[in-house]
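For reference, data_38.txt is printed below; it contains compact mmCIF, C-alpha atoms.
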# COMPACT_ATOMS: atom_id res chain seq x y z
CA PHE A 11 -22.78 4.67 9.95
CA LEU A 12 -25.91 3.82 7.96
CA ASP A 13 -27.81 6.60 9.73
CA ALA A 14 -25.27 9.09 8.36
CA VAL A 15 -25.31 7.54 4.88
CA PHE A 16 -29.09 7.59 4.49
CA SER A 17 -29.56 11.00 6.09
CA HIS A 18 -27.28 12.55 3.44
CA ALA A 19 -28.21 10.37 0.47
CA GLU A 20 -29.45 12.15 -2.63
CA GLY A 21 -30.41 8.96 -4.44
CA PRO A 22 -31.00 5.23 -3.94
CA ILE A 23 -28.48 3.32 -1.82
CA SER A 24 -27.53 -0.31 -2.41
CA VAL A 25 -25.39 -2.42 -0.07
CA LYS A 26 -23.10 -5.39 -0.70
CA THR A 27 -22.46 -7.64 2.26
CA ARG A 28 -21.03 -10.90 3.49
CA LEU A 29 -22.58 -13.11 6.13
CA GLY A 30 -20.31 -11.90 8.89
CA VAL A 31 -16.72 -11.75 10.02
CA SER A 32 -16.19 -15.23 11.42
CA SER A 33 -19.46 -17.16 11.27
CA PRO A 34 -22.63 -17.22 9.12
CA ASP A 35 -24.56 -17.15 12.40
CA GLU A 36 -23.71 -13.45 12.63
CA PHE A 37 -25.90 -12.61 9.65
CA ALA A 38 -29.25 -12.68 11.48
CA ALA A 39 -28.21 -9.69 13.59
CA ILE A 40 -26.64 -7.94 10.61
CA LEU A 41 -29.79 -8.39 8.53
CA ASP A 42 -31.93 -6.95 11.32
CA ILE A 43 -29.91 -3.75 10.94
CA TYR A 44 -30.18 -3.69 7.15
CA ASN A 45 -33.95 -4.17 7.34
CA ARG A 46 -34.29 -0.88 9.24
CA TYR A 47 -33.14 1.14 6.22
CA PRO A 48 -34.63 1.81 2.75
CA ILE A 49 -31.91 -0.12 0.93
CA CYS A 50 -32.82 -0.31 -2.76
CA GLU A 51 -30.91 -3.58 -3.23
CA LEU A 52 -28.89 -5.86 -0.96
CA THR A 53 -26.19 -7.93 -2.67
CA ILE A 54 -25.26 -10.94 -0.53
CA HIS A 55 -22.02 -12.86 -0.98
CA PRO A 56 -22.55 -15.91 1.27
CA ARG A 57 -19.08 -16.23 2.72
CA VAL A 58 -17.66 -14.68 5.89
CA MET A 59 -14.94 -12.05 5.75
CA ARG A 60 -12.17 -14.30 7.07
CA GLN A 61 -12.71 -16.81 4.25
CA LEU A 62 -11.70 -14.31 1.58
CA TYR A 63 -12.50 -16.45 -1.49
CA ARG A 64 -11.56 -19.80 0.02
CA GLY A 65 -14.02 -22.63 0.32
CA GLN A 66 -17.49 -22.60 -1.17
CA ALA A 67 -20.18 -19.94 -1.03
CA ASP A 68 -22.76 -20.98 1.58
CA ARG A 69 -25.92 -21.12 -0.50
CA ALA A 70 -27.82 -22.88 2.28
CA ALA A 71 -27.23 -19.89 4.55
CA PHE A 72 -28.26 -17.59 1.71
CA ALA A 73 -31.49 -19.54 1.17
CA GLU A 74 -32.26 -19.35 4.88
CA ALA A 75 -31.73 -15.58 5.02
CA LEU A 76 -33.52 -14.63 1.80
CA PRO A 77 -37.12 -14.79 3.11
CA ARG A 78 -36.21 -12.40 5.95
CA CYS A 79 -34.90 -9.69 3.60
CA THR A 80 -37.31 -6.79 3.21
CA MET A 81 -35.50 -5.28 0.21
CA PRO A 82 -34.67 -6.60 -3.30
CA VAL A 83 -31.80 -9.09 -3.10
CA CYS A 84 -28.98 -9.82 -5.55
CA TYR A 85 -26.87 -12.98 -5.25
CA ASN A 86 -23.07 -13.00 -5.61
CA GLY A 87 -20.57 -15.83 -5.23
CA ASP A 88 -19.13 -18.78 -7.21
CA VAL A 89 -21.16 -18.33 -10.40
CA THR A 90 -18.68 -19.71 -12.92
CA THR A 91 -20.70 -21.76 -15.45
CA PRO A 92 -23.94 -21.35 -17.42
CA GLU A 93 -25.35 -24.30 -15.48
CA GLU A 94 -24.75 -22.60 -12.14
CA LEU A 95 -26.32 -19.41 -13.41
CA ARG A 96 -29.46 -21.17 -14.62
CA ALA A 97 -29.68 -23.19 -11.39
CA LEU A 98 -29.63 -19.99 -9.32
CA GLU A 99 -32.35 -18.42 -11.47
CA THR A 100 -34.47 -21.54 -11.01
CA GLN A 101 -33.88 -21.90 -7.28
CA PHE A 102 -34.31 -18.19 -6.49
CA PRO A 103 -36.67 -16.65 -9.07
CA GLN A 104 -37.35 -13.73 -6.73
CA LEU A 105 -33.80 -12.36 -7.02
CA SER A 106 -33.42 -8.84 -8.38
CA GLY A 107 -30.11 -9.80 -9.97
CA ILE A 108 -27.08 -12.09 -9.99
CA MET A 109 -23.62 -10.52 -9.70
CA ILE A 110 -20.73 -12.35 -11.37
CA GLY A 111 -17.08 -11.54 -10.69
CA ARG A 112 -14.34 -14.12 -11.21
CA GLY A 113 -16.61 -16.19 -13.44
CA PHE A 114 -16.60 -13.43 -16.07
CA ILE A 115 -12.84 -12.94 -15.75
CA ALA A 116 -12.23 -16.65 -16.33
CA ASP A 117 -14.79 -16.84 -19.15
CA PRO A 118 -15.62 -13.52 -20.84
CA ALA A 119 -18.24 -15.31 -22.96
CA LEU A 120 -20.04 -16.80 -19.94
CA LEU A 121 -23.22 -14.81 -20.48
CA ARG A 122 -23.30 -15.63 -24.20
CA ARG A 123 -22.91 -19.33 -23.44
CA ALA A 124 -25.69 -19.10 -20.86
CA ARG A 125 -27.94 -17.82 -23.65
CA GLY A 126 -27.05 -20.75 -25.90
CA GLY A 127 -24.17 -19.13 -27.79
CA THR A 128 -20.59 -20.18 -28.36
CA GLY A 129 -17.56 -19.79 -26.15
CA ALA A 130 -14.96 -17.11 -26.79
CA SER A 131 -12.74 -17.76 -29.81
CA ARG A 132 -8.99 -17.22 -29.87
CA GLU A 133 -9.48 -14.00 -31.84
CA GLU A 134 -12.11 -12.68 -29.42
CA LEU A 135 -9.95 -13.42 -26.39
CA ARG A 136 -6.94 -11.74 -28.00
CA GLY A 137 -8.95 -8.65 -28.91
CA TYR A 138 -10.53 -8.48 -25.47
CA LEU A 139 -7.22 -8.78 -23.62
CA ASP A 140 -5.40 -6.35 -25.91
CA ASP A 141 -8.17 -3.77 -25.48
CA LEU A 142 -8.03 -4.27 -21.72
CA TYR A 143 -4.24 -3.89 -21.64
CA HIS A 144 -4.29 -0.70 -23.70
CA GLY A 145 -7.22 0.62 -21.67
CA TYR A 146 -5.34 0.10 -18.40
CA THR A 147 -2.26 1.75 -19.93
CA GLU A 148 -4.27 4.81 -20.86
CA LEU A 149 -6.11 4.90 -17.54
CA PHE A 150 -3.01 4.62 -15.33
CA GLY A 151 -0.65 6.43 -17.70
CA SER A 152 1.81 3.55 -17.42
CA ALA A 153 2.16 0.27 -19.27
CA GLY A 154 3.96 -1.11 -16.20
CA CYS A 155 0.86 -0.56 -14.06
CA ALA A 156 -1.22 -2.16 -16.80
CA VAL A 157 0.98 -5.27 -16.70
CA SER A 158 0.33 -5.61 -12.97
CA ARG A 159 -3.43 -5.42 -13.51
CA MET A 160 -3.36 -7.84 -16.43
CA LYS A 161 -1.66 -10.50 -14.31
CA ALA A 162 -4.81 -10.71 -12.20
CA HIS A 163 -6.86 -11.45 -15.32
CA TRP A 164 -4.37 -13.99 -16.64
CA PHE A 165 -4.44 -15.81 -13.30
CA TYR A 166 -8.00 -16.88 -14.17
CA LEU A 167 -7.66 -17.10 -17.97
CA ILE A 168 -4.40 -19.01 -18.40
CA HIS A 169 -6.12 -22.38 -17.87
CA ARG A 170 -7.88 -21.95 -21.23
CA PHE A 171 -4.59 -22.32 -23.13
CA ALA A 172 -3.21 -25.85 -23.34
CA GLY A 173 0.40 -26.26 -22.24
CA SER A 174 0.82 -22.76 -20.83
CA GLU A 175 2.04 -23.79 -17.38
CA LYS A 176 5.66 -22.68 -17.98
CA LEU A 177 4.53 -19.43 -19.56
CA GLU A 178 2.33 -18.77 -16.54
CA LYS A 179 5.37 -18.76 -14.28
CA GLN A 180 7.18 -16.37 -16.60
CA LEU A 181 4.10 -14.15 -16.76
CA ARG A 182 4.02 -13.85 -12.98
CA LYS A 183 7.64 -12.67 -13.01
CA ALA A 184 7.24 -10.20 -15.89
CA ARG A 185 7.83 -6.57 -14.94
CA GLU A 186 8.49 -4.75 -18.20
CA PRO A 187 5.76 -4.18 -20.81
CA TRP A 188 7.90 -5.78 -23.54
CA GLU A 189 8.23 -8.94 -21.42
CA TYR A 190 4.48 -9.12 -20.98
CA GLU A 191 3.80 -8.54 -24.69
CA VAL A 192 6.27 -11.25 -25.79
CA LEU A 193 4.70 -13.76 -23.41
CA VAL A 194 1.17 -12.97 -24.56
CA ASN A 195 2.27 -13.54 -28.17
CA GLN A 196 3.62 -16.93 -27.12
CA ILE A 197 0.41 -17.81 -25.26
CA PHE A 198 -1.62 -17.01 -28.36
CA ALA A 199 0.70 -18.97 -30.67
CA PRO A 200 -1.37 -20.89 -33.28
CA ALA A 201 -0.06 -24.24 -32.05
CA ARG A 202 -1.59 -23.67 -28.60
CA SER A 203 -5.21 -24.81 -28.45
CA VAL A 204 -7.85 -22.72 -26.69
CA GLY A 205 -10.82 -24.12 -24.81
CA ALA A 206 -12.22 -25.01 -21.42
CA GLY A 207 -9.12 -27.15 -20.95
CA LEU A 208 -8.15 -27.31 -17.32
CA GLU A 209 -10.48 -26.66 -14.43
CA SER A 210 -10.99 -22.96 -13.90
CA ARG A 211 -9.51 -21.34 -10.82
CA ALA A 212 -12.76 -19.45 -10.49
CA VAL A 213 -14.51 -22.82 -10.22
CA ARG A 214 -12.03 -23.99 -7.59
CA GLY A 215 -12.51 -20.81 -5.57
CA GLU A 216 -8.95 -19.53 -5.94
CA SER A 217 -8.10 -15.85 -6.11
CA SER A 218 -5.21 -14.04 -7.70
CA PRO A 219 -2.20 -13.63 -5.37
CA ALA A 220 -1.48 -10.28 -6.99
CA HIS A 221 -5.04 -9.05 -6.51
CA PRO A 222 -6.90 -11.12 -3.87
CA HIS A 223 -10.08 -9.25 -4.72
CA PRO A 224 -11.24 -9.62 -8.32
CA PRO A 225 -10.84 -6.41 -10.31
CA THR A 226 -14.47 -6.29 -11.37
CA ASN A 227 -17.94 -7.60 -10.76
CA LYS A 228 -20.72 -7.68 -13.29
CA LYS A 229 -24.36 -8.18 -12.61
CA LEU A 230 -27.21 -9.80 -14.45
CA ARG A 231 -30.34 -8.09 -13.32
CA ARG A 232 -33.95 -7.56 -14.06
CA PRO A 233 -34.92 -3.97 -14.96
CA CYS A 234 -34.84 -1.97 -11.73
CA THR A 235 -38.04 -0.11 -11.01
CA GLY A 236 -37.93 2.98 -8.87
CA SER A 237 -34.16 3.14 -8.51
CA GLY A 238 -33.88 5.96 -11.03
CA ALA A 239 -30.45 5.07 -12.37
CA GLU A 240 -28.53 2.28 -14.03
CA LYS A 241 -25.48 0.93 -12.26
CA ALA A 242 -22.14 0.84 -14.03
CA GLY A 243 -21.04 -2.65 -15.01
CA ASN A 244 -24.52 -4.17 -15.00
CA VAL A 245 -25.61 -6.55 -17.73
CA LYS A 246 -29.38 -6.40 -18.07
CA ARG A 247 -31.52 -9.42 -18.65

Reformat the file's structure so that it appears as structure tokens.
Amino acid sequence: FLDAVFSHAEGPISVKTRLGVSSPDEFAAILDIYNRYPICELTIHPRVMRQLYRGQADRAAFAEALPRCTMPVCYNGDVTTPEELRALETQFPQLSGIMIGRGFIADPALLRRARGGTGASREELRGYLDDLYHGYTELFGSAGCAVSRMKAHWFYLIHRFAGSEKLEKQLRKAREPWEYEVLVNQIFAPARSVGAGLESRAVRGESSPAHPHPPTNKKLRRPCTGSGAEKAGNVKR
């Protein structure tokens, strides 16, 4: 497969991988294959395929594999707080980047907080989610499809709103756009406080039942030299 990919490639090729299907022990053989190709960046999520997003990312296995990688390496997996982000940068200064998925969904201001700024305000969260909802509606041509996508975001965000447990159940059942919009208005009611609140599902390693794979990943990266192109969704350092 990789022979065919690289023989027809017209630009740099990056690869995102897990440690294996069933066991992290599989990764040594997998990495031997990757090292044969001119991969411009290897993003490693240190879980095995069968875990999905259960359990914890195996950073010990990642640390063991990193010195044997012959290409630039990006880390991905369970980066949900500014403290975790800074710890990764300290432990692995040689990384070409850090990719964040569910952590950004659960806390859209995660990067700003990591740089010493404030968390997302009620107004910022409302504007962000409304823009996302309308963007999905335009993209899919259907507000109903947008509601389905928004549920995956709310699965990670709902913990930020105190006392929203009952509304969460109603949100999961919502099918019509008007139902979704009414519930969002109730979630953002002035009497409902916004903050870190309950423990984030991204921190606990849970994934949305509607969308077991997070809808997006974003990456913090150092400027890439020699790759020739920026990657969509990257957040530069």

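Taking all atoms listed in the file, the non-local environment of Gln180 (chain A) within 9 Å (same-chain residues fewer than 4 positions away omitted) comprises Lys176, Ala184, Glu189, Tyr190 and Leu193 of chain A.
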
### Task
Just the residues within 6 Å of region 73-87 of chain A, please, counting all atoms listed in the file, with nothing from its chain fewer than 4 positions along; format it as a list in words.
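That gives Asn45, Glu51, Leu52, Thr53, Ile54, His55, Ala67, Leu105, Ser106, Gly107, Ile108 and Met109 of chain A.
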
### Message
One number please: CA of Asp13 (chain A) to CA of Val25 (chain A), in Å, one decimal.
### Response
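Between CA of Asp13 (chain A) and CA of Val25 (chain A) the gap is 13.5 Å.
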
### Task
Tell me which of A:Leu181, A:Arg125, A:Phe198, A:Tyr166 sits closest to Gly137 (chain A), counting only C-alpha atoms.
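Closest to Gly137 (chain A) of all the choices is A:Phe198.
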
### Task
Have a look at A:Phe165, A:Phe114, A:Tyr146, A:Tyr44 and name the one nearest to Phe16 (chain A); count all atoms listed in the file.
A:Tyr44

### Message
Taking only C-alpha atoms into account, name the residue in A:Ile115, A:Val89, A:Leu135, A:Ala71 that is nearest to Lys161 (chain A).
### Response
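Result for the nearest residue to Lys161 (chain A): A:Ile115.
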
### Task
Write out as a PyMOL selection string the residues lying within 10 Å of Arg159 (chain A), counting all atoms listed in the file and excluding same-chain residues fewer than 2 positions away.
chain A and resi 142-143+146-147+153-157+161-164+220-221+225

### Query
If you measure from CA of Met59 (chain A) to CA of Ile43 (chain A), what distance in Å do you get, rounded to one decimal?
17.9 Å

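Distance-wise, CA of Leu177 (chain A) and CA of Ser158 (chain A) end up 15.9 Å apart.
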
### Task
Using all atoms listed in the file, determine which residues lie at most 9 Å from Ile23 (chain A), disregarding the query and same-chain residues fewer than 5 positions distant; provide the list as number ranges by chain.
A: 15-16, 48-51, 237

### Message
Measuring between only C-alpha atoms, which one of A:Glu178, A:Asp68, A:Asp141, A:Glu191 shows the shortest distance to Asp35 (chain A)?
### Response
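Nearest to Asp35 (chain A): A:Asp68.
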
### Task
Choose the residue, out of A:Tyr138, A:Trp188, A:Phe11, A:Phe102, that has the smallest atom-to-atom separation from Phe72 (chain A); count all atoms listed in the file.
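Among the listed residues, A:Phe102 lies closest to Phe72 (chain A).
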
#### Entry: Residue among A:Gly173, A:Glu133, A:Gly111, A:Ile197 lying closest to Tyr63 (chain A), counting all atoms listed in the file
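Of A:Gly173, A:Glu133, A:Gly111, A:Ile197, the one nearest Tyr63 (chain A), counting all atoms listed in the file, is A:Gly111.
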